[in-house]
>>> print(open('entry.txt').read())   # compact mmCIF, N, CA and C atoms
# COMPACT_ATOMS: atom_id res chain seq x y z
N MET D 1 0.82 -1.19 0.00
CA MET D 1 0.00 0.00 0.00
C MET D 1 0.86 1.25 0.00
N TRP D 2 1.97 1.19 0.66
CA TRP D 2 2.85 2.35 0.71
C TRP D 2 3.43 2.67 -0.67
N LEU D 3 3.60 1.61 -1.51
CA LEU D 3 4.12 1.82 -2.86
C LEU D 3 3.13 2.62 -3.70
N PHE D 4 1.86 2.26 -3.57
CA PHE D 4 0.82 2.97 -4.31
C PHE D 4 0.78 4.44 -3.92
N SER D 5 0.81 4.72 -2.64
CA SER D 5 0.77 6.12 -2.20
C SER D 5 2.04 6.86 -2.59
N ALA D 6 3.17 6.16 -2.65
CA ALA D 6 4.42 6.79 -3.07
C ALA D 6 4.36 7.17 -4.55
N VAL D 7 3.75 6.32 -5.35
CA VAL D 7 3.63 6.59 -6.79
C VAL D 7 2.66 7.75 -7.01
N ILE D 8 1.55 7.76 -6.29
CA ILE D 8 0.55 8.81 -6.42
C ILE D 8 1.14 10.16 -6.01
N ASP D 9 1.96 10.17 -4.99
CA ASP D 9 2.54 11.42 -4.50
C ASP D 9 3.68 11.94 -5.38
N ASN D 10 4.29 11.08 -6.17
CA ASN D 10 5.43 11.49 -7.00
C ASN D 10 4.91 12.08 -8.31
N LYS D 11 5.12 13.37 -8.50
CA LYS D 11 4.60 14.08 -9.67
C LYS D 11 5.30 13.64 -10.95
N VAL D 12 6.57 13.30 -10.89
CA VAL D 12 7.31 12.89 -12.08
C VAL D 12 6.76 11.55 -12.60
N ILE D 13 6.58 10.61 -11.71
CA ILE D 13 6.06 9.30 -12.11
C ILE D 13 4.63 9.45 -12.64
N MET D 14 3.84 10.27 -12.02
CA MET D 14 2.46 10.48 -12.48
C MET D 14 2.45 11.14 -13.87
N ALA D 15 3.37 12.07 -14.11
CA ALA D 15 3.45 12.70 -15.43
C ALA D 15 3.86 11.69 -16.49
N ILE D 16 4.80 10.82 -16.16
CA ILE D 16 5.23 9.77 -17.08
C ILE D 16 4.07 8.82 -17.37
N LEU D 17 3.36 8.41 -16.34
CA LEU D 17 2.21 7.52 -16.53
C LEU D 17 1.13 8.18 -17.38
N ALA D 18 0.88 9.45 -17.14
CA ALA D 18 -0.12 10.18 -17.93
C ALA D 18 0.31 10.26 -19.39
N ALA D 19 1.60 10.49 -19.64
CA ALA D 19 2.10 10.56 -21.01
C ALA D 19 1.97 9.20 -21.70
N VAL D 20 2.26 8.13 -20.98
CA VAL D 20 2.13 6.78 -21.56
C VAL D 20 0.68 6.48 -21.88
N VAL D 21 -0.21 6.78 -20.97
CA VAL D 21 -1.64 6.54 -21.21
C VAL D 21 -2.12 7.39 -22.39
N GLY D 22 -1.70 8.63 -22.47
CA GLY D 22 -2.07 9.49 -23.59
C GLY D 22 -1.54 8.96 -24.91
N GLY D 23 -0.31 8.50 -24.91
CA GLY D 23 0.29 7.94 -26.12
C GLY D 23 -0.45 6.70 -26.60
N VAL D 24 -0.77 5.82 -25.67
CA VAL D 24 -1.52 4.61 -26.02
C VAL D 24 -2.90 4.98 -26.55
N SER D 25 -3.53 5.95 -25.94
CA SER D 25 -4.86 6.39 -26.40
C SER D 25 -4.80 6.94 -27.82
N LEU D 26 -3.80 7.74 -28.11
CA LEU D 26 -3.64 8.28 -29.47
C LEU D 26 -3.37 7.18 -30.48
N PHE D 27 -2.56 6.20 -30.09
CA PHE D 27 -2.26 5.08 -30.97
C PHE D 27 -3.53 4.29 -31.30
N VAL D 28 -4.33 4.01 -30.30
CA VAL D 28 -5.58 3.26 -30.50
C VAL D 28 -6.55 4.07 -31.35
N ALA D 29 -6.67 5.36 -31.07
CA ALA D 29 -7.58 6.21 -31.84
C ALA D 29 -7.13 6.28 -33.31
N GLY D 30 -5.84 6.35 -33.54
CA GLY D 30 -5.33 6.37 -34.91
C GLY D 30 -5.64 5.07 -35.64
N GLY D 31 -5.52 3.95 -34.94
CA GLY D 31 -5.84 2.65 -35.54
C GLY D 31 -7.31 2.56 -35.91
N ILE D 32 -8.16 3.06 -35.06
CA ILE D 32 -9.60 3.05 -35.34
C ILE D 32 -9.90 3.95 -36.54
N HIS D 33 -9.25 5.11 -36.59
CA HIS D 33 -9.46 6.04 -37.71
C HIS D 33 -9.01 5.40 -39.03
N ARG D 34 -7.84 4.74 -39.01
CA ARG D 34 -7.34 4.08 -40.22
C ARG D 34 -8.28 2.97 -40.66
N ALA D 35 -8.81 2.21 -39.71
CA ALA D 35 -9.72 1.12 -40.05
C ALA D 35 -11.00 1.67 -40.69
N ASN D 36 -11.54 2.75 -40.14
CA ASN D 36 -12.75 3.35 -40.71
C ASN D 36 -12.47 3.91 -42.11
N LYS D 37 -11.29 4.50 -42.29
CA LYS D 37 -10.92 5.04 -43.58
C LYS D 37 -10.80 3.92 -44.62
N ASP D 38 -10.21 2.80 -44.22
CA ASP D 38 -10.09 1.66 -45.12
C ASP D 38 -11.45 1.09 -45.48
N LYS D 39 -12.36 1.04 -44.52
CA LYS D 39 -13.72 0.56 -44.79
C LYS D 39 -14.43 1.47 -45.79
N ALA D 40 -14.24 2.77 -45.64
CA ALA D 40 -14.87 3.72 -46.56
C ALA D 40 -14.31 3.56 -47.97
N LYS D 41 -12.99 3.36 -48.09
CA LYS D 41 -12.39 3.15 -49.41
C LYS D 41 -12.93 1.87 -50.05
N GLN D 42 -13.03 0.81 -49.26
CA GLN D 42 -13.54 -0.45 -49.78
C GLN D 42 -14.99 -0.31 -50.22
N ALA D 43 -15.79 0.41 -49.45
CA ALA D 43 -17.19 0.62 -49.82
C ALA D 43 -17.29 1.41 -51.12
N ALA D 44 -16.42 2.39 -51.31
CA ALA D 44 -16.41 3.17 -52.55
C ALA D 44 -16.03 2.29 -53.73
N ARG D 45 -15.03 1.40 -53.53
CA ARG D 45 -14.64 0.49 -54.61
C ARG D 45 -15.77 -0.48 -54.93
N ASP D 46 -16.44 -0.99 -53.91
CA ASP D 46 -17.57 -1.91 -54.13
C ASP D 46 -18.70 -1.23 -54.89
N LEU D 47 -18.98 0.01 -54.53
CA LEU D 47 -20.05 0.75 -55.21
C LEU D 47 -19.68 1.00 -56.67
N ALA D 48 -18.44 1.39 -56.93
CA ALA D 48 -18.00 1.63 -58.30
C ALA D 48 -18.07 0.34 -59.12
N SER D 49 -17.70 -0.76 -58.50
CA SER D 49 -17.76 -2.05 -59.18
C SER D 49 -19.20 -2.43 -59.51
N ALA D 50 -20.10 -2.23 -58.56
CA ALA D 50 -21.51 -2.55 -58.79
C ALA D 50 -22.10 -1.67 -59.89
N GLN D 51 -21.74 -0.40 -59.88
CA GLN D 51 -22.25 0.51 -60.91
C GLN D 51 -21.70 0.13 -62.29
N ASP D 52 -20.43 -0.25 -62.34
CA ASP D 52 -19.82 -0.67 -63.59
C ASP D 52 -20.49 -1.94 -64.12
N SER D 53 -20.75 -2.88 -63.22
CA SER D 53 -21.42 -4.12 -63.61
C SER D 53 -22.82 -3.84 -64.13
N LEU D 54 -23.53 -2.95 -63.49
CA LEU D 54 -24.88 -2.59 -63.92
C LEU D 54 -24.85 -1.95 -65.30
N GLU D 55 -23.89 -1.07 -65.53
CA GLU D 55 -23.77 -0.41 -66.83
C GLU D 55 -23.45 -1.43 -67.93
N MET D 56 -22.55 -2.36 -67.64
CA MET D 56 -22.23 -3.39 -68.64
C MET D 56 -23.46 -4.25 -68.93
N ASN D 57 -24.24 -4.55 -67.91
CA ASN D 57 -25.45 -5.34 -68.09
C ASN D 57 -26.45 -4.58 -68.97
N ARG D 58 -26.58 -3.29 -68.74
CA ARG D 58 -27.49 -2.47 -69.56
C ARG D 58 -27.04 -2.45 -71.02
N GLU D 59 -25.74 -2.29 -71.23
CA GLU D 59 -25.22 -2.28 -72.60
C GLU D 59 -25.46 -3.63 -73.28
N ALA D 60 -25.22 -4.71 -72.54
CA ALA D 60 -25.42 -6.04 -73.11
C ALA D 60 -26.89 -6.27 -73.43
N THR D 61 -27.78 -5.83 -72.57
CA THR D 61 -29.22 -6.00 -72.80
C THR D 61 -29.65 -5.21 -74.04
N ALA D 62 -29.14 -3.99 -74.19
CA ALA D 62 -29.48 -3.19 -75.37
C ALA D 62 -28.97 -3.87 -76.63
N ALA D 63 -27.76 -4.43 -76.56
CA ALA D 63 -27.21 -5.13 -77.73
C ALA D 63 -28.02 -6.38 -78.04
N GLU D 64 -28.47 -7.08 -77.02
CA GLU D 64 -29.29 -8.29 -77.23
C GLU D 64 -30.62 -7.93 -77.88
N ARG D 65 -31.21 -6.84 -77.45
CA ARG D 65 -32.48 -6.40 -78.05
C ARG D 65 -32.29 -6.04 -79.52
N GLN D 66 -31.18 -5.36 -79.80
CA GLN D 66 -30.89 -4.98 -81.17
C GLN D 66 -30.60 -6.22 -82.02
N ALA D 67 -29.87 -7.18 -81.44
CA ALA D 67 -29.49 -8.38 -82.18
C ALA D 67 -30.68 -9.30 -82.45
N ALA D 68 -31.74 -9.16 -81.70
CA ALA D 68 -32.90 -10.05 -81.87
C ALA D 68 -33.51 -9.94 -83.26
N GLY D 69 -33.38 -8.78 -83.90
CA GLY D 69 -33.96 -8.60 -85.22
C GLY D 69 -32.95 -8.75 -86.35
N MET D 70 -31.73 -9.22 -86.04
CA MET D 70 -30.68 -9.32 -87.05
C MET D 70 -30.64 -10.69 -87.70
N THR D 71 -30.06 -10.72 -88.87
CA THR D 71 -29.78 -12.01 -89.50
C THR D 71 -28.56 -12.61 -88.81
N ASP D 72 -28.27 -13.87 -89.09
CA ASP D 72 -27.12 -14.53 -88.46
C ASP D 72 -25.81 -13.81 -88.80
N ASP D 73 -25.64 -13.40 -90.04
CA ASP D 73 -24.41 -12.71 -90.43
C ASP D 73 -24.28 -11.36 -89.73
N GLN D 74 -25.38 -10.64 -89.62
CA GLN D 74 -25.35 -9.35 -88.92
C GLN D 74 -25.04 -9.56 -87.44
N ALA D 75 -25.65 -10.60 -86.86
CA ALA D 75 -25.42 -10.89 -85.44
C ALA D 75 -23.96 -11.27 -85.20
N ARG D 76 -23.35 -12.06 -86.10
CA ARG D 76 -21.94 -12.43 -85.97
C ARG D 76 -21.05 -11.19 -86.06
N ALA D 77 -21.36 -10.32 -86.99
CA ALA D 77 -20.57 -9.10 -87.14
C ALA D 77 -20.66 -8.24 -85.88
N GLU D 78 -21.83 -8.14 -85.31
CA GLU D 78 -22.01 -7.37 -84.06
C GLU D 78 -21.29 -8.05 -82.91
N ALA D 79 -21.36 -9.37 -82.86
CA ALA D 79 -20.73 -10.11 -81.76
C ALA D 79 -19.22 -9.98 -81.79
N THR D 80 -18.63 -9.87 -82.95
CA THR D 80 -17.17 -9.73 -83.03
C THR D 80 -16.72 -8.40 -82.41
N LYS D 81 -17.57 -7.41 -82.41
CA LYS D 81 -17.24 -6.14 -81.76
C LYS D 81 -17.12 -6.32 -80.25
N TRP D 82 -17.94 -7.22 -79.70
CA TRP D 82 -17.98 -7.43 -78.25
C TRP D 82 -17.02 -8.51 -77.78
N ALA D 83 -16.56 -9.35 -78.70
CA ALA D 83 -15.70 -10.47 -78.30
C ALA D 83 -14.35 -9.98 -77.83
N LYS D 84 -13.81 -10.65 -76.84
CA LYS D 84 -12.47 -10.33 -76.35
C LYS D 84 -11.46 -11.10 -77.20
N HIS D 85 -10.37 -10.46 -77.50
CA HIS D 85 -9.35 -11.11 -78.34
C HIS D 85 -8.22 -11.61 -77.48
>>> encode(input="entry.txt", output="structure tokens")
Amino acid sequence: MWLFSAVIDNKVIMAILAAVVGGVSLFVAGGIHRANKDKAKQAARDLASAQDSLEMNREATAAERQAAGMTDDQARAEATKWAKH
């Protein structure tokens, strides 16, 4: 018990302990901030990916509607534009 009261009464030790606690708190807060920032970046990438996928689906659907009235040769010619090489 005397050790505890000696530490409490010593201003230098208390200042050191306060600095350590403050440093740990800042480190933890920074980690939480970085994690939230990473989550926001990932959410933005996911949204962009979903929007891109939706746009490609719309383009493909429009091409399918257009191709429905084509002859086989016209459809092949259109499909070669979309084919990956």
>>> closest_residue(input="entry.txt", among="D:Lys81, D:Lys37, D:Gly22, D:Ala15", to="Ala60 (chain D)", atoms="only C-alpha atoms")
D:Lys81
>>> atom_distance(input="entry.txt", atom1="CA of Phe4 (chain D)", atom2="atom N of Val24 (chain D)")
21.6 Å
>>> residues_near_point(input="entry.txt", point="(-26.5, -4.6, -78.5)", cutoff="12 Å", atoms="only C-alpha atoms", output="mmCIF file with N, CA and C atoms, in the coordinates of the input")
data_model
loop_
_atom_site.group_PDB
_atom_site.id
_atom_site.type_symbol
_atom_site.label_atom_id
_atom_site.label_comp_id
_atom_site.auth_asym_id
_atom_site.auth_seq_id
_atom_site.Cartn_x
_atom_site.Cartn_y
_atom_site.Cartn_z
ATOM 1 N N MET D 56 -22.550 -2.360 -67.640
ATOM 2 C CA MET D 56 -22.230 -3.390 -68.640
ATOM 3 C C MET D 56 -23.460 -4.250 -68.930
ATOM 4 N N ASN D 57 -24.240 -4.550 -67.910
ATOM 5 C CA ASN D 57 -25.450 -5.340 -68.090
ATOM 6 C C ASN D 57 -26.450 -4.580 -68.970
ATOM 7 N N ARG D 58 -26.580 -3.290 -68.740
ATOM 8 C CA ARG D 58 -27.490 -2.470 -69.560
ATOM 9 C C ARG D 58 -27.040 -2.450 -71.020
ATOM 10 N N GLU D 59 -25.740 -2.290 -71.230
ATOM 11 C CA GLU D 59 -25.220 -2.280 -72.600
ATOM 12 C C GLU D 59 -25.460 -3.630 -73.280
ATOM 13 N N ALA D 60 -25.220 -4.710 -72.540
ATOM 14 C CA ALA D 60 -25.420 -6.040 -73.110
ATOM 15 C C ALA D 60 -26.890 -6.270 -73.430
ATOM 16 N N THR D 61 -27.780 -5.830 -72.570
ATOM 17 C CA THR D 61 -29.220 -6.000 -72.800
ATOM 18 C C THR D 61 -29.650 -5.210 -74.040
ATOM 19 N N ALA D 62 -29.140 -3.990 -74.190
ATOM 20 C CA ALA D 62 -29.480 -3.190 -75.370
ATOM 21 C C ALA D 62 -28.970 -3.870 -76.630
ATOM 22 N N ALA D 63 -27.760 -4.430 -76.560
ATOM 23 C CA ALA D 63 -27.210 -5.130 -77.730
ATOM 24 C C ALA D 63 -28.020 -6.380 -78.040
ATOM 25 N N GLU D 64 -28.470 -7.080 -77.020
ATOM 26 C CA GLU D 64 -29.290 -8.290 -77.230
ATOM 27 C C GLU D 64 -30.620 -7.930 -77.880
ATOM 28 N N ARG D 65 -31.210 -6.840 -77.450
ATOM 29 C CA ARG D 65 -32.480 -6.400 -78.050
ATOM 30 C C ARG D 65 -32.290 -6.040 -79.520
ATOM 31 N N GLN D 66 -31.180 -5.360 -79.800
ATOM 32 C CA GLN D 66 -30.890 -4.980 -81.170
ATOM 33 C C GLN D 66 -30.600 -6.220 -82.020
ATOM 34 N N ALA D 67 -29.870 -7.180 -81.440
ATOM 35 C CA ALA D 67 -29.490 -8.380 -82.180
ATOM 36 C C ALA D 67 -30.680 -9.300 -82.450
ATOM 37 N N ALA D 68 -31.740 -9.160 -81.700
ATOM 38 C CA ALA D 68 -32.900 -10.050 -81.870
ATOM 39 C C ALA D 68 -33.510 -9.940 -83.260
ATOM 40 N N GLY D 69 -33.380 -8.780 -83.900
ATOM 41 C CA GLY D 69 -33.960 -8.600 -85.220
ATOM 42 C C GLY D 69 -32.950 -8.750 -86.350
ATOM 43 N N MET D 70 -31.730 -9.220 -86.040
ATOM 44 C CA MET D 70 -30.680 -9.320 -87.050
ATOM 45 C C MET D 70 -30.640 -10.690 -87.700
ATOM 46 N N GLN D 74 -25.380 -10.640 -89.620
ATOM 47 C CA GLN D 74 -25.350 -9.350 -88.920
ATOM 48 C C GLN D 74 -25.040 -9.560 -87.440
ATOM 49 N N ALA D 75 -25.650 -10.600 -86.860
ATOM 50 C CA ALA D 75 -25.420 -10.890 -85.440
ATOM 51 C C ALA D 75 -23.960 -11.270 -85.200
ATOM 52 N N ARG D 76 -23.350 -12.060 -86.100
ATOM 53 C CA ARG D 76 -21.940 -12.430 -85.970
ATOM 54 C C ARG D 76 -21.050 -11.190 -86.060
ATOM 55 N N ALA D 77 -21.360 -10.320 -86.990
ATOM 56 C CA ALA D 77 -20.570 -9.100 -87.140
ATOM 57 C C ALA D 77 -20.660 -8.240 -85.880
ATOM 58 N N GLU D 78 -21.830 -8.140 -85.310
ATOM 59 C CA GLU D 78 -22.010 -7.370 -84.060
ATOM 60 C C GLU D 78 -21.290 -8.050 -82.910
ATOM 61 N N ALA D 79 -21.360 -9.370 -82.860
ATOM 62 C CA ALA D 79 -20.730 -10.110 -81.760
ATOM 63 C C ALA D 79 -19.220 -9.980 -81.790
ATOM 64 N N THR D 80 -18.630 -9.870 -82.950
ATOM 65 C CA THR D 80 -17.170 -9.730 -83.030
ATOM 66 C C THR D 80 -16.720 -8.400 -82.410
ATOM 67 N N LYS D 81 -17.570 -7.410 -82.410
ATOM 68 C CA LYS D 81 -17.240 -6.140 -81.760
ATOM 69 C C LYS D 81 -17.120 -6.320 -80.250
ATOM 70 N N TRP D 82 -17.940 -7.220 -79.700
ATOM 71 C CA TRP D 82 -17.980 -7.430 -78.250
ATOM 72 C C TRP D 82 -17.020 -8.510 -77.780
#
>>> axis_aligned_box(input="entry.txt", around="region 12-15 of chain D", padding_each_side="5 Å", output="AutoDock Vina command-line options")
--center_x 4.9 --center_y 11.3 --center_z -13.7 --size_x 14.9 --size_y 14.0 --size_z 15.6
>>> atom_distance(input="entry.txt", atom1="atom C of Leu3 (chain D)", atom2="CA of Leu17 (chain D)")
13.8 Å
>>> atom_distance(input="entry.txt", atom1="atom C of Val12 (chain D)", atom2="CA of Ser25 (chain D)")
18.8 Å
